[in-house]
$ cat upload37.txt   # compact mmCIF, N, CA and C atoms
# COMPACT_ATOMS: atom_id res chain seq x y z
N MET A 24 26.52 -2.11 19.17
CA MET A 24 26.63 -3.46 19.67
C MET A 24 27.38 -3.42 20.99
N LYS A 25 27.16 -4.40 21.79
CA LYS A 25 27.71 -4.43 23.13
C LYS A 25 29.22 -4.29 23.12
N GLY A 26 29.72 -3.26 23.85
CA GLY A 26 31.15 -3.08 24.01
C GLY A 26 31.89 -2.66 22.75
N GLN A 27 31.18 -2.33 21.69
CA GLN A 27 31.84 -1.94 20.45
C GLN A 27 31.50 -0.50 20.11
N ASP A 28 32.45 0.18 19.50
CA ASP A 28 32.21 1.56 19.09
C ASP A 28 31.28 1.59 17.90
N ARG A 29 30.42 2.58 17.88
CA ARG A 29 29.55 2.80 16.73
C ARG A 29 30.36 3.43 15.61
N LEU A 30 29.87 3.30 14.42
CA LEU A 30 30.54 3.88 13.26
C LEU A 30 30.42 5.39 13.27
N ASP A 31 31.41 6.07 12.70
CA ASP A 31 31.34 7.51 12.51
C ASP A 31 30.53 7.75 11.24
N LEU A 32 29.32 8.24 11.40
CA LEU A 32 28.41 8.44 10.28
C LEU A 32 28.29 9.90 9.86
N GLY A 33 29.22 10.75 10.33
CA GLY A 33 29.14 12.17 10.03
C GLY A 33 28.97 12.48 8.56
N ASP A 34 29.81 11.89 7.70
CA ASP A 34 29.72 12.15 6.26
C ASP A 34 28.40 11.65 5.68
N VAL A 35 27.98 10.48 6.12
CA VAL A 35 26.74 9.90 5.60
C VAL A 35 25.55 10.75 6.01
N LEU A 36 25.50 11.16 7.27
CA LEU A 36 24.34 11.90 7.78
C LEU A 36 24.22 13.31 7.21
N SER A 37 25.31 13.86 6.67
CA SER A 37 25.25 15.19 6.08
C SER A 37 24.84 15.16 4.60
N GLU A 38 24.75 13.99 4.03
CA GLU A 38 24.39 13.86 2.61
C GLU A 38 22.91 14.19 2.40
N ARG A 39 22.63 14.98 1.36
CA ARG A 39 21.26 15.39 1.05
C ARG A 39 20.52 14.27 0.32
N ILE A 40 19.23 14.13 0.65
CA ILE A 40 18.38 13.15 -0.04
C ILE A 40 18.04 13.71 -1.41
N ASP A 41 18.30 12.93 -2.44
CA ASP A 41 17.98 13.36 -3.79
C ASP A 41 17.41 12.18 -4.58
N TRP A 42 17.43 12.26 -5.89
CA TRP A 42 16.84 11.25 -6.76
C TRP A 42 17.42 9.84 -6.55
N ARG A 43 18.62 9.75 -5.95
CA ARG A 43 19.24 8.43 -5.74
C ARG A 43 18.58 7.65 -4.62
N TYR A 44 17.82 8.32 -3.78
CA TYR A 44 17.20 7.67 -2.62
C TYR A 44 15.78 7.25 -2.96
N LYS A 45 15.58 5.96 -3.09
CA LYS A 45 14.27 5.43 -3.45
C LYS A 45 13.30 5.57 -2.29
N SER A 46 12.05 5.77 -2.61
CA SER A 46 10.92 5.76 -1.69
C SER A 46 10.71 7.04 -0.90
N PHE A 47 11.70 7.91 -0.82
CA PHE A 47 11.57 9.11 0.02
C PHE A 47 10.57 10.09 -0.59
N PRO A 48 9.82 10.80 0.26
CA PRO A 48 8.96 11.89 -0.24
C PRO A 48 9.84 12.98 -0.87
N ALA A 49 9.27 13.77 -1.73
CA ALA A 49 10.01 14.84 -2.39
C ALA A 49 9.65 16.18 -1.75
N PRO A 50 10.33 16.57 -0.68
CA PRO A 50 10.02 17.85 -0.03
C PRO A 50 10.56 19.01 -0.86
N ALA A 51 10.10 20.22 -0.56
CA ALA A 51 10.57 21.41 -1.27
C ALA A 51 12.07 21.59 -1.10
N ARG A 52 12.58 21.35 0.09
CA ARG A 52 14.02 21.43 0.36
C ARG A 52 14.48 20.05 0.79
N ALA A 53 15.44 19.51 0.06
CA ALA A 53 15.92 18.16 0.36
C ALA A 53 16.70 18.15 1.67
N PRO A 54 16.21 17.43 2.66
CA PRO A 54 16.93 17.37 3.94
C PRO A 54 18.14 16.45 3.84
N ALA A 55 19.06 16.63 4.77
CA ALA A 55 20.19 15.69 4.88
C ALA A 55 19.68 14.45 5.61
N LEU A 56 20.37 13.35 5.43
CA LEU A 56 19.96 12.12 6.10
C LEU A 56 19.84 12.31 7.60
N GLY A 57 20.74 13.09 8.18
CA GLY A 57 20.70 13.33 9.61
C GLY A 57 19.52 14.19 10.07
N GLU A 58 18.81 14.80 9.12
CA GLU A 58 17.66 15.63 9.45
C GLU A 58 16.33 14.91 9.30
N ILE A 59 16.38 13.65 8.90
CA ILE A 59 15.14 12.91 8.62
C ILE A 59 14.24 12.84 9.85
N ARG A 60 14.82 12.62 11.01
CA ARG A 60 14.01 12.50 12.23
C ARG A 60 13.11 13.71 12.41
N GLY A 61 13.58 14.88 12.06
CA GLY A 61 12.80 16.11 12.23
C GLY A 61 11.72 16.31 11.18
N GLN A 62 11.66 15.45 10.18
CA GLN A 62 10.65 15.58 9.11
C GLN A 62 9.29 15.03 9.51
N SER A 63 9.22 14.28 10.57
CA SER A 63 7.97 13.64 11.03
C SER A 63 7.40 12.67 10.00
N TRP A 64 8.26 12.11 9.15
CA TRP A 64 7.81 11.08 8.22
C TRP A 64 7.65 9.77 8.97
N ASN A 65 6.72 8.94 8.52
CA ASN A 65 6.49 7.65 9.15
C ASN A 65 6.39 6.58 8.07
N ALA A 66 7.35 5.67 8.07
CA ALA A 66 7.39 4.61 7.06
C ALA A 66 6.18 3.69 7.15
N LEU A 67 5.55 3.61 8.31
CA LEU A 67 4.41 2.70 8.49
C LEU A 67 3.07 3.39 8.26
N ASP A 68 3.08 4.70 8.01
CA ASP A 68 1.83 5.44 7.77
C ASP A 68 1.69 5.91 6.33
N GLY A 69 2.47 5.37 5.41
CA GLY A 69 2.32 5.70 4.00
C GLY A 69 3.05 6.94 3.53
N ASP A 70 3.95 7.50 4.34
CA ASP A 70 4.69 8.68 3.91
C ASP A 70 5.74 8.37 2.85
N PHE A 71 6.10 7.11 2.70
CA PHE A 71 7.12 6.70 1.73
C PHE A 71 6.47 5.84 0.65
N ASP A 72 7.05 5.89 -0.55
CA ASP A 72 6.62 4.99 -1.61
C ASP A 72 7.12 3.59 -1.27
N LEU A 73 6.37 2.59 -1.68
CA LEU A 73 6.78 1.20 -1.44
C LEU A 73 7.65 0.71 -2.58
N PRO A 74 8.53 -0.22 -2.37
CA PRO A 74 8.81 -0.89 -1.10
C PRO A 74 9.74 -0.04 -0.24
N VAL A 75 9.64 -0.23 1.06
CA VAL A 75 10.47 0.47 2.03
C VAL A 75 11.05 -0.57 2.99
N LEU A 76 12.31 -0.41 3.32
CA LEU A 76 12.98 -1.31 4.26
C LEU A 76 13.08 -0.59 5.60
N VAL A 77 12.61 -1.24 6.65
CA VAL A 77 12.69 -0.69 7.99
C VAL A 77 13.49 -1.67 8.85
N LEU A 78 14.54 -1.19 9.45
CA LEU A 78 15.37 -2.02 10.32
C LEU A 78 15.20 -1.59 11.77
N LYS A 79 15.07 -2.57 12.64
CA LYS A 79 15.09 -2.30 14.08
C LYS A 79 16.52 -2.56 14.54
N GLU A 80 17.16 -1.52 15.04
CA GLU A 80 18.57 -1.64 15.41
C GLU A 80 18.80 -2.74 16.44
N LYS A 81 17.92 -2.86 17.40
CA LYS A 81 18.05 -3.90 18.43
C LYS A 81 18.01 -5.30 17.79
N SER A 82 17.12 -5.49 16.84
CA SER A 82 17.02 -6.78 16.16
C SER A 82 18.24 -7.04 15.27
N LEU A 83 18.69 -6.00 14.59
CA LEU A 83 19.88 -6.13 13.75
C LEU A 83 21.08 -6.54 14.60
N ASP A 84 21.30 -5.85 15.71
CA ASP A 84 22.41 -6.19 16.61
C ASP A 84 22.27 -7.62 17.13
N HIS A 85 21.06 -8.00 17.51
CA HIS A 85 20.82 -9.36 18.00
C HIS A 85 21.19 -10.40 16.94
N ASN A 86 20.74 -10.19 15.71
CA ASN A 86 21.01 -11.15 14.65
C ASN A 86 22.50 -11.26 14.33
N ILE A 87 23.20 -10.13 14.32
CA ILE A 87 24.64 -10.15 14.06
C ILE A 87 25.35 -10.90 15.18
N GLU A 88 24.98 -10.62 16.42
CA GLU A 88 25.60 -11.32 17.56
C GLU A 88 25.26 -12.80 17.57
N LEU A 89 24.04 -13.16 17.21
CA LEU A 89 23.62 -14.56 17.17
C LEU A 89 24.43 -15.33 16.11
N MET A 90 24.59 -14.75 14.94
CA MET A 90 25.36 -15.41 13.88
C MET A 90 26.82 -15.55 14.27
N ALA A 91 27.38 -14.52 14.89
CA ALA A 91 28.77 -14.58 15.34
C ALA A 91 28.95 -15.69 16.38
N ALA A 92 28.01 -15.79 17.33
CA ALA A 92 28.09 -16.83 18.36
C ALA A 92 27.94 -18.22 17.76
N TYR A 93 27.03 -18.37 16.80
CA TYR A 93 26.82 -19.66 16.12
C TYR A 93 28.10 -20.11 15.41
N CYS A 94 28.71 -19.19 14.67
CA CYS A 94 29.94 -19.52 13.95
C CYS A 94 31.06 -19.90 14.92
N LEU A 95 31.20 -19.15 15.99
CA LEU A 95 32.22 -19.45 16.99
C LEU A 95 31.99 -20.83 17.61
N ALA A 96 30.74 -21.13 17.97
CA ALA A 96 30.41 -22.41 18.61
C ALA A 96 30.62 -23.59 17.67
N HIS A 97 30.52 -23.37 16.37
CA HIS A 97 30.65 -24.46 15.40
C HIS A 97 31.98 -24.46 14.66
N GLY A 98 32.89 -23.60 15.08
CA GLY A 98 34.23 -23.60 14.50
C GLY A 98 34.29 -23.20 13.04
N VAL A 99 33.39 -22.31 12.64
CA VAL A 99 33.43 -21.83 11.25
C VAL A 99 33.65 -20.32 11.25
N GLU A 100 34.15 -19.82 10.14
CA GLU A 100 34.37 -18.39 10.00
C GLU A 100 33.33 -17.81 9.06
N LEU A 101 32.96 -16.58 9.30
CA LEU A 101 31.90 -15.94 8.53
C LEU A 101 32.48 -14.85 7.64
N ALA A 102 32.05 -14.86 6.38
CA ALA A 102 32.35 -13.78 5.44
C ALA A 102 31.03 -13.45 4.75
N PRO A 103 30.22 -12.58 5.36
CA PRO A 103 28.89 -12.30 4.82
C PRO A 103 28.94 -11.62 3.46
N HIS A 104 27.87 -11.80 2.73
CA HIS A 104 27.73 -11.20 1.41
C HIS A 104 27.41 -9.72 1.59
N ALA A 105 28.27 -8.85 1.09
CA ALA A 105 28.13 -7.41 1.30
C ALA A 105 26.97 -6.81 0.51
N LYS A 106 26.57 -7.45 -0.58
CA LYS A 106 25.49 -6.88 -1.38
C LYS A 106 24.13 -7.08 -0.71
N THR A 107 24.00 -8.07 0.14
CA THR A 107 22.72 -8.33 0.78
C THR A 107 22.23 -7.13 1.57
N PRO A 108 23.02 -6.56 2.49
CA PRO A 108 22.53 -5.39 3.21
C PRO A 108 22.66 -4.10 2.41
N VAL A 109 23.51 -4.07 1.39
CA VAL A 109 23.78 -2.87 0.60
C VAL A 109 24.05 -1.67 1.51
N ALA A 110 24.78 -1.93 2.58
CA ALA A 110 25.09 -0.86 3.53
C ALA A 110 26.44 -1.15 4.16
N PRO A 111 27.45 -0.34 3.86
CA PRO A 111 28.77 -0.59 4.45
C PRO A 111 28.73 -0.53 5.98
N GLN A 112 27.77 0.20 6.54
CA GLN A 112 27.67 0.28 8.00
C GLN A 112 27.30 -1.08 8.59
N ILE A 113 26.43 -1.83 7.92
CA ILE A 113 26.06 -3.16 8.41
C ILE A 113 27.22 -4.12 8.24
N VAL A 114 27.92 -4.05 7.11
CA VAL A 114 29.10 -4.90 6.91
C VAL A 114 30.13 -4.62 8.00
N GLN A 115 30.34 -3.34 8.34
CA GLN A 115 31.30 -3.00 9.39
C GLN A 115 30.88 -3.60 10.73
N ARG A 116 29.60 -3.60 11.03
CA ARG A 116 29.13 -4.22 12.27
C ARG A 116 29.42 -5.72 12.27
N GLN A 117 29.23 -6.36 11.11
CA GLN A 117 29.51 -7.80 11.02
C GLN A 117 31.01 -8.07 11.21
N LEU A 118 31.84 -7.23 10.63
CA LEU A 118 33.28 -7.39 10.80
C LEU A 118 33.68 -7.18 12.26
N SER A 119 33.08 -6.18 12.89
CA SER A 119 33.38 -5.91 14.31
C SER A 119 32.94 -7.06 15.21
N ALA A 120 31.93 -7.82 14.76
CA ALA A 120 31.43 -8.94 15.55
C ALA A 120 32.21 -10.23 15.30
N GLY A 121 33.21 -10.19 14.39
CA GLY A 121 34.04 -11.36 14.20
C GLY A 121 34.12 -11.92 12.80
N ALA A 122 33.34 -11.39 11.87
CA ALA A 122 33.46 -11.87 10.48
C ALA A 122 34.88 -11.58 10.00
N TRP A 123 35.46 -12.48 9.25
CA TRP A 123 36.85 -12.28 8.80
C TRP A 123 36.93 -11.43 7.54
N GLY A 124 35.82 -11.25 6.86
CA GLY A 124 35.80 -10.45 5.64
C GLY A 124 34.38 -10.40 5.11
N SER A 125 34.22 -9.81 3.96
CA SER A 125 32.92 -9.80 3.28
C SER A 125 33.19 -10.01 1.80
N TRP A 126 32.18 -10.38 1.07
CA TRP A 126 32.37 -10.61 -0.35
C TRP A 126 31.15 -10.11 -1.11
N ARG A 127 31.33 -9.96 -2.39
CA ARG A 127 30.24 -9.60 -3.29
C ARG A 127 30.55 -10.16 -4.65
N THR A 128 29.55 -10.36 -5.44
CA THR A 128 29.75 -10.80 -6.82
C THR A 128 29.53 -9.59 -7.71
N ASN A 129 30.06 -9.68 -8.91
CA ASN A 129 29.80 -8.61 -9.86
C ASN A 129 28.89 -9.14 -10.96
N CYS A 130 28.43 -8.27 -11.81
CA CYS A 130 27.49 -8.67 -12.85
C CYS A 130 28.05 -9.74 -13.77
N SER A 131 29.32 -9.67 -14.07
CA SER A 131 29.90 -10.66 -14.99
C SER A 131 29.96 -12.06 -14.36
N ALA A 132 29.85 -12.15 -13.05
CA ALA A 132 29.87 -13.45 -12.37
C ALA A 132 28.50 -14.11 -12.39
N ASN A 133 27.49 -13.40 -12.87
CA ASN A 133 26.13 -13.93 -12.90
C ASN A 133 25.57 -13.88 -14.32
N PRO A 134 26.10 -14.72 -15.23
CA PRO A 134 25.60 -14.68 -16.61
C PRO A 134 24.14 -15.15 -16.68
N ARG A 135 23.41 -14.58 -17.60
CA ARG A 135 22.00 -14.96 -17.76
C ARG A 135 21.82 -15.90 -18.91
$ encode --input "upload37.txt" --output "structure tokens"
Amino acid sequence: MKGQDRLDLGDVLSERIDWRYKSFPAPARAPALGEIRGQSWNALDGDFDLPVLVLKEKSLDHNIELMAAYCLAHGVELAPHAKTPVAPQIVQRQLSAGAWGSWRTNCSANPR
């Protein structure tokens, strides 16, 4: 994001893809997340099982900045729901853009 430091993803990028990662192809040798670019996989050409989530970083940054500007202009504070992106890196970007915190519910808060 503009003028903000990116997250240190060293630990995340060194993690090997295994059964916990939905949709990924099952190669003979499980690559680390940081090695995915070299696999020549294409989410839009059927290399992954569906459903697959594809994020455009430019759009993500735009949306985070737009929401932060909206909240600032209307005098409200933002505490986005952390379970929605299911990614601490996205929550950190929202916090860096001005969100005062994040929240999540647990299973016991959603009785059926």
$ closest_residue --input "upload37.txt" --among "A:Ala66, A:Pro50, A:Leu73, A:Leu83" --to "Val114 (chain A)" --atoms "only C-alpha atoms"
A:Leu83
$ closest_residue --input "upload37.txt" --among "A:Gln112, A:Lys106, A:Ala120, A:Glu38" --to "Ala92 (chain A)" --atoms "only N, CA and C atoms"
A:Ala120
$ closest_residue --input "upload37.txt" --among "A:Pro54, A:Pro103, A:Gly98, A:Pro48" --to "Asp70 (chain A)" --atoms "only N, CA and C atoms"
A:Pro48
$ select_by_dssp --input "upload37.txt" --residues "chain A" --states "alpha helix (DSSP H)" --output "MDAnalysis selection string"
chainID A and resid 33:36 80:96 111:119
$ closest_residue --input "upload37.txt" --among "A:Asp72, A:Asp41, A:Glu58, A:Glu88" --to "Leu101 (chain A)" --atoms "only C-alpha atoms"
A:Glu88
$ atom_distance --input "upload37.txt" --atom1 "atom C of Asp68 (chain A)" --atom2 "atom N of Lys45 (chain A)"
16.8 Å
$ atom_distance --input "upload37.txt" --atom1 "atom N of Val109 (chain A)" --atom2 "atom N of Arg127 (chain A)"
10.5 Å
$ closest_residue --input "upload37.txt" --among "A:Leu56, A:Phe47, A:Ala110, A:Ala105" --to "Val35 (chain A)" --atoms "all atoms listed in the file"
A:Leu56
$ select_by_dssp --input "upload37.txt" --residues "region 29-135 of chain A" --states "strand (DSSP E or B)" --output "list in words"
Arg39, Ala55, His104 and Trp126 of chain A
$ residues_near_point --input "upload37.txt" --point "(35.7, -11.8, 16.3)" --cutoff "10 Å" --atoms "only C-alpha atoms" --output "list in words"
Ala91, Ala92, Cys94, Leu95, Glu100, Leu101, Gln117, Leu118, Ser119, Ala120, Gly121, Ala122 and Trp123 of chain A
$ atom_distance --input "upload37.txt" --atom1 "atom N of Tyr44 (chain A)" --atom2 "atom N of Ser125 (chain A)"
25.6 Å
$ decode --input "upload37.txt" --residues "region 34-76 of chain A" --atoms "N, CA and C atoms" --output "PDB file, in the first residue's frame"
ATOM      1  N   ASP A  34       8.346 -16.453   6.965  1.00  0.00           N
ATOM      2  CA  ASP A  34       7.882 -17.711   7.559  1.00  0.00           C
ATOM      3  C   ASP A  34       6.744 -18.330   6.753  1.00  0.00           C
ATOM      4  N   VAL A  35       5.831 -17.491   6.300  1.00  0.00           N
ATOM      5  CA  VAL A  35       4.686 -17.993   5.536  1.00  0.00           C
ATOM      6  C   VAL A  35       5.154 -18.584   4.210  1.00  0.00           C
ATOM      7  N   LEU A  36       6.034 -17.885   3.513  1.00  0.00           N
ATOM      8  CA  LEU A  36       6.467 -18.329   2.186  1.00  0.00           C
ATOM      9  C   LEU A  36       7.327 -19.582   2.215  1.00  0.00           C
ATOM     10  N   SER A  37       7.921 -19.909   3.362  1.00  0.00           N
ATOM     11  CA  SER A  37       8.733 -21.123   3.450  1.00  0.00           C
ATOM     12  C   SER A  37       7.901 -22.358   3.823  1.00  0.00           C
ATOM     13  N   GLU A  38       6.644 -22.160   4.146  1.00  0.00           N
ATOM     14  CA  GLU A  38       5.770 -23.280   4.535  1.00  0.00           C
ATOM     15  C   GLU A  38       5.432 -24.139   3.321  1.00  0.00           C
ATOM     16  N   ARG A  39       5.515 -25.463   3.493  1.00  0.00           N
ATOM     17  CA  ARG A  39       5.231 -26.414   2.417  1.00  0.00           C
ATOM     18  C   ARG A  39       3.722 -26.590   2.243  1.00  0.00           C
ATOM     19  N   ILE A  40       3.306 -26.721   0.986  1.00  0.00           N
ATOM     20  CA  ILE A  40       1.898 -26.989   0.677  1.00  0.00           C
ATOM     21  C   ILE A  40       1.618 -28.446   0.999  1.00  0.00           C
ATOM     22  N   ASP A  41       0.605 -28.690   1.797  1.00  0.00           N
ATOM     23  CA  ASP A  41       0.243 -30.063   2.136  1.00  0.00           C
ATOM     24  C   ASP A  41      -1.278 -30.190   2.149  1.00  0.00           C
ATOM     25  N   TRP A  42      -1.803 -31.207   2.796  1.00  0.00           N
ATOM     26  CA  TRP A  42      -3.229 -31.501   2.804  1.00  0.00           C
ATOM     27  C   TRP A  42      -4.085 -30.354   3.360  1.00  0.00           C
ATOM     28  N   ARG A  43      -3.469 -29.427   4.118  1.00  0.00           N
ATOM     29  CA  ARG A  43      -4.239 -28.313   4.691  1.00  0.00           C
ATOM     30  C   ARG A  43      -4.613 -27.265   3.657  1.00  0.00           C
ATOM     31  N   TYR A  44      -3.955 -27.281   2.513  1.00  0.00           N
ATOM     32  CA  TYR A  44      -4.177 -26.269   1.483  1.00  0.00           C
ATOM     33  C   TYR A  44      -5.180 -26.784   0.458  1.00  0.00           C
ATOM     34  N   LYS A  45      -6.364 -26.233   0.485  1.00  0.00           N
ATOM     35  CA  LYS A  45      -7.423 -26.669  -0.426  1.00  0.00           C
ATOM     36  C   LYS A  45      -7.125 -26.224  -1.844  1.00  0.00           C
ATOM     37  N   SER A  46      -7.546 -27.011  -2.788  1.00  0.00           N
ATOM     38  CA  SER A  46      -7.540 -26.712  -4.220  1.00  0.00           C
ATOM     39  C   SER A  46      -6.204 -26.910  -4.919  1.00  0.00           C
ATOM     40  N   PHE A  47      -5.100 -26.989  -4.188  1.00  0.00           N
ATOM     41  CA  PHE A  47      -3.789 -27.082  -4.838  1.00  0.00           C
ATOM     42  C   PHE A  47      -3.599 -28.437  -5.508  1.00  0.00           C
ATOM     43  N   PRO A  48      -2.901 -28.462  -6.651  1.00  0.00           N
ATOM     44  CA  PRO A  48      -2.533 -29.749  -7.260  1.00  0.00           C
ATOM     45  C   PRO A  48      -1.615 -30.521  -6.310  1.00  0.00           C
ATOM     46  N   ALA A  49      -1.550 -31.813  -6.466  1.00  0.00           N
ATOM     47  CA  ALA A  49      -0.703 -32.645  -5.614  1.00  0.00           C
ATOM     48  C   ALA A  49       0.553 -33.042  -6.379  1.00  0.00           C
ATOM     49  N   PRO A  50       1.593 -32.217  -6.352  1.00  0.00           N
ATOM     50  CA  PRO A  50       2.827 -32.562  -7.066  1.00  0.00           C
ATOM     51  C   PRO A  50       3.604 -33.640  -6.320  1.00  0.00           C
ATOM     52  N   ALA A  51       4.564 -34.257  -6.992  1.00  0.00           N
ATOM     53  CA  ALA A  51       5.393 -35.295  -6.363  1.00  0.00           C
ATOM     54  C   ALA A  51       6.140 -34.739  -5.162  1.00  0.00           C
ATOM     55  N   ARG A  52       6.660 -33.532  -5.268  1.00  0.00           N
ATOM     56  CA  ARG A  52       7.352 -32.867  -4.161  1.00  0.00           C
ATOM     57  C   ARG A  52       6.565 -31.605  -3.823  1.00  0.00           C
ATOM     58  N   ALA A  53       6.134 -31.510  -2.586  1.00  0.00           N
ATOM     59  CA  ALA A  53       5.329 -30.361  -2.170  1.00  0.00           C
ATOM     60  C   ALA A  53       6.186 -29.100  -2.133  1.00  0.00           C
ATOM     61  N   PRO A  54       5.866 -28.125  -2.966  1.00  0.00           N
ATOM     62  CA  PRO A  54       6.643 -26.882  -2.950  1.00  0.00           C
ATOM     63  C   PRO A  54       6.268 -26.011  -1.756  1.00  0.00           C
ATOM     64  N   ALA A  55       7.150 -25.091  -1.424  1.00  0.00           N
ATOM     65  CA  ALA A  55       6.828 -24.082  -0.407  1.00  0.00           C
ATOM     66  C   ALA A  55       5.958 -23.024  -1.072  1.00  0.00           C
ATOM     67  N   LEU A  56       5.217 -22.297  -0.267  1.00  0.00           N
ATOM     68  CA  LEU A  56       4.358 -21.253  -0.822  1.00  0.00           C
ATOM     69  C   LEU A  56       5.148 -20.270  -1.675  1.00  0.00           C
ATOM     70  N   GLY A  57       6.366 -19.958  -1.260  1.00  0.00           N
ATOM     71  CA  GLY A  57       7.194 -19.035  -2.015  1.00  0.00           C
ATOM     72  C   GLY A  57       7.692 -19.586  -3.348  1.00  0.00           C
ATOM     73  N   GLU A  58       7.515 -20.891  -3.566  1.00  0.00           N
ATOM     74  CA  GLU A  58       7.947 -21.519  -4.813  1.00  0.00           C
ATOM     75  C   GLU A  58       6.816 -21.698  -5.817  1.00  0.00           C
ATOM     76  N   ILE A  59       5.621 -21.272  -5.451  1.00  0.00           N
ATOM     77  CA  ILE A  59       4.455 -21.501  -6.314  1.00  0.00           C
ATOM     78  C   ILE A  59       4.631 -20.860  -7.679  1.00  0.00           C
ATOM     79  N   ARG A  60       5.175 -19.659  -7.722  1.00  0.00           N
ATOM     80  CA  ARG A  60       5.341 -18.961  -9.002  1.00  0.00           C
ATOM     81  C   ARG A  60       6.107 -19.824  -9.999  1.00  0.00           C
ATOM     82  N   GLY A  61       7.074 -20.575  -9.543  1.00  0.00           N
ATOM     83  CA  GLY A  61       7.883 -21.413 -10.427  1.00  0.00           C
ATOM     84  C   GLY A  61       7.194 -22.695 -10.878  1.00  0.00           C
ATOM     85  N   GLN A  62       6.016 -22.984 -10.356  1.00  0.00           N
ATOM     86  CA  GLN A  62       5.299 -24.212 -10.725  1.00  0.00           C
ATOM     87  C   GLN A  62       4.539 -24.088 -12.045  1.00  0.00           C
ATOM     88  N   SER A  63       4.377 -22.897 -12.541  1.00  0.00           N
ATOM     89  CA  SER A  63       3.624 -22.635 -13.778  1.00  0.00           C
ATOM     90  C   SER A  63       2.164 -23.059 -13.677  1.00  0.00           C
ATOM     91  N   TRP A  64       1.619 -23.078 -12.463  1.00  0.00           N
ATOM     92  CA  TRP A  64       0.201 -23.364 -12.284  1.00  0.00           C
ATOM     93  C   TRP A  64      -0.591 -22.119 -12.652  1.00  0.00           C
ATOM     94  N   ASN A  65      -1.808 -22.324 -13.159  1.00  0.00           N
ATOM     95  CA  ASN A  65      -2.664 -21.212 -13.529  1.00  0.00           C
ATOM     96  C   ASN A  65      -4.060 -21.457 -12.973  1.00  0.00           C
ATOM     97  N   ALA A  66      -4.478 -20.604 -12.051  1.00  0.00           N
ATOM     98  CA  ALA A  66      -5.790 -20.754 -11.414  1.00  0.00           C
ATOM     99  C   ALA A  66      -6.930 -20.599 -12.411  1.00  0.00           C
ATOM    100  N   LEU A  67      -6.693 -19.906 -13.510  1.00  0.00           N
ATOM    101  CA  LEU A  67      -7.756 -19.664 -14.490  1.00  0.00           C
ATOM    102  C   LEU A  67      -7.765 -20.690 -15.618  1.00  0.00           C
ATOM    103  N   ASP A  68      -6.795 -21.612 -15.628  1.00  0.00           N
ATOM    104  CA  ASP A  68      -6.729 -22.647 -16.669  1.00  0.00           C
ATOM    105  C   ASP A  68      -7.042 -24.041 -16.145  1.00  0.00           C
ATOM    106  N   GLY A  69      -7.622 -24.148 -14.957  1.00  0.00           N
ATOM    107  CA  GLY A  69      -8.036 -25.445 -14.443  1.00  0.00           C
ATOM    108  C   GLY A  69      -6.972 -26.234 -13.711  1.00  0.00           C
ATOM    109  N   ASP A  70      -5.843 -25.625 -13.377  1.00  0.00           N
ATOM    110  CA  ASP A  70      -4.802 -26.347 -12.656  1.00  0.00           C
ATOM    111  C   ASP A  70      -5.167 -26.601 -11.193  1.00  0.00           C
ATOM    112  N   PHE A  71      -6.144 -25.875 -10.677  1.00  0.00           N
ATOM    113  CA  PHE A  71      -6.560 -26.014  -9.280  1.00  0.00           C
ATOM    114  C   PHE A  71      -7.974 -26.575  -9.228  1.00  0.00           C
ATOM    115  N   ASP A  72      -8.270 -27.300  -8.141  1.00  0.00           N
ATOM    116  CA  ASP A  72      -9.640 -27.732  -7.911  1.00  0.00           C
ATOM    117  C   ASP A  72     -10.464 -26.518  -7.496  1.00  0.00           C
ATOM    118  N   LEU A  73     -11.731 -26.529  -7.841  1.00  0.00           N
ATOM    119  CA  LEU A  73     -12.625 -25.431  -7.459  1.00  0.00           C
ATOM    120  C   LEU A  73     -13.234 -25.700  -6.098  1.00  0.00           C
ATOM    121  N   PRO A  74     -13.593 -24.715  -5.339  1.00  0.00           N
ATOM    122  CA  PRO A  74     -13.469 -23.290  -5.644  1.00  0.00           C
ATOM    123  C   PRO A  74     -12.062 -22.787  -5.343  1.00  0.00           C
ATOM    124  N   VAL A  75     -11.671 -21.741  -6.041  1.00  0.00           N
ATOM    125  CA  VAL A  75     -10.370 -21.115  -5.868  1.00  0.00           C
ATOM    126  C   VAL A  75     -10.592 -19.612  -5.720  1.00  0.00           C
ATOM    127  N   LEU A  76      -9.868 -19.009  -4.801  1.00  0.00           N
ATOM    128  CA  LEU A  76      -9.948 -17.570  -4.587  1.00  0.00           C
ATOM    129  C   LEU A  76      -8.720 -16.930  -5.222  1.00  0.00           C
TER     130      LEU A  76
END
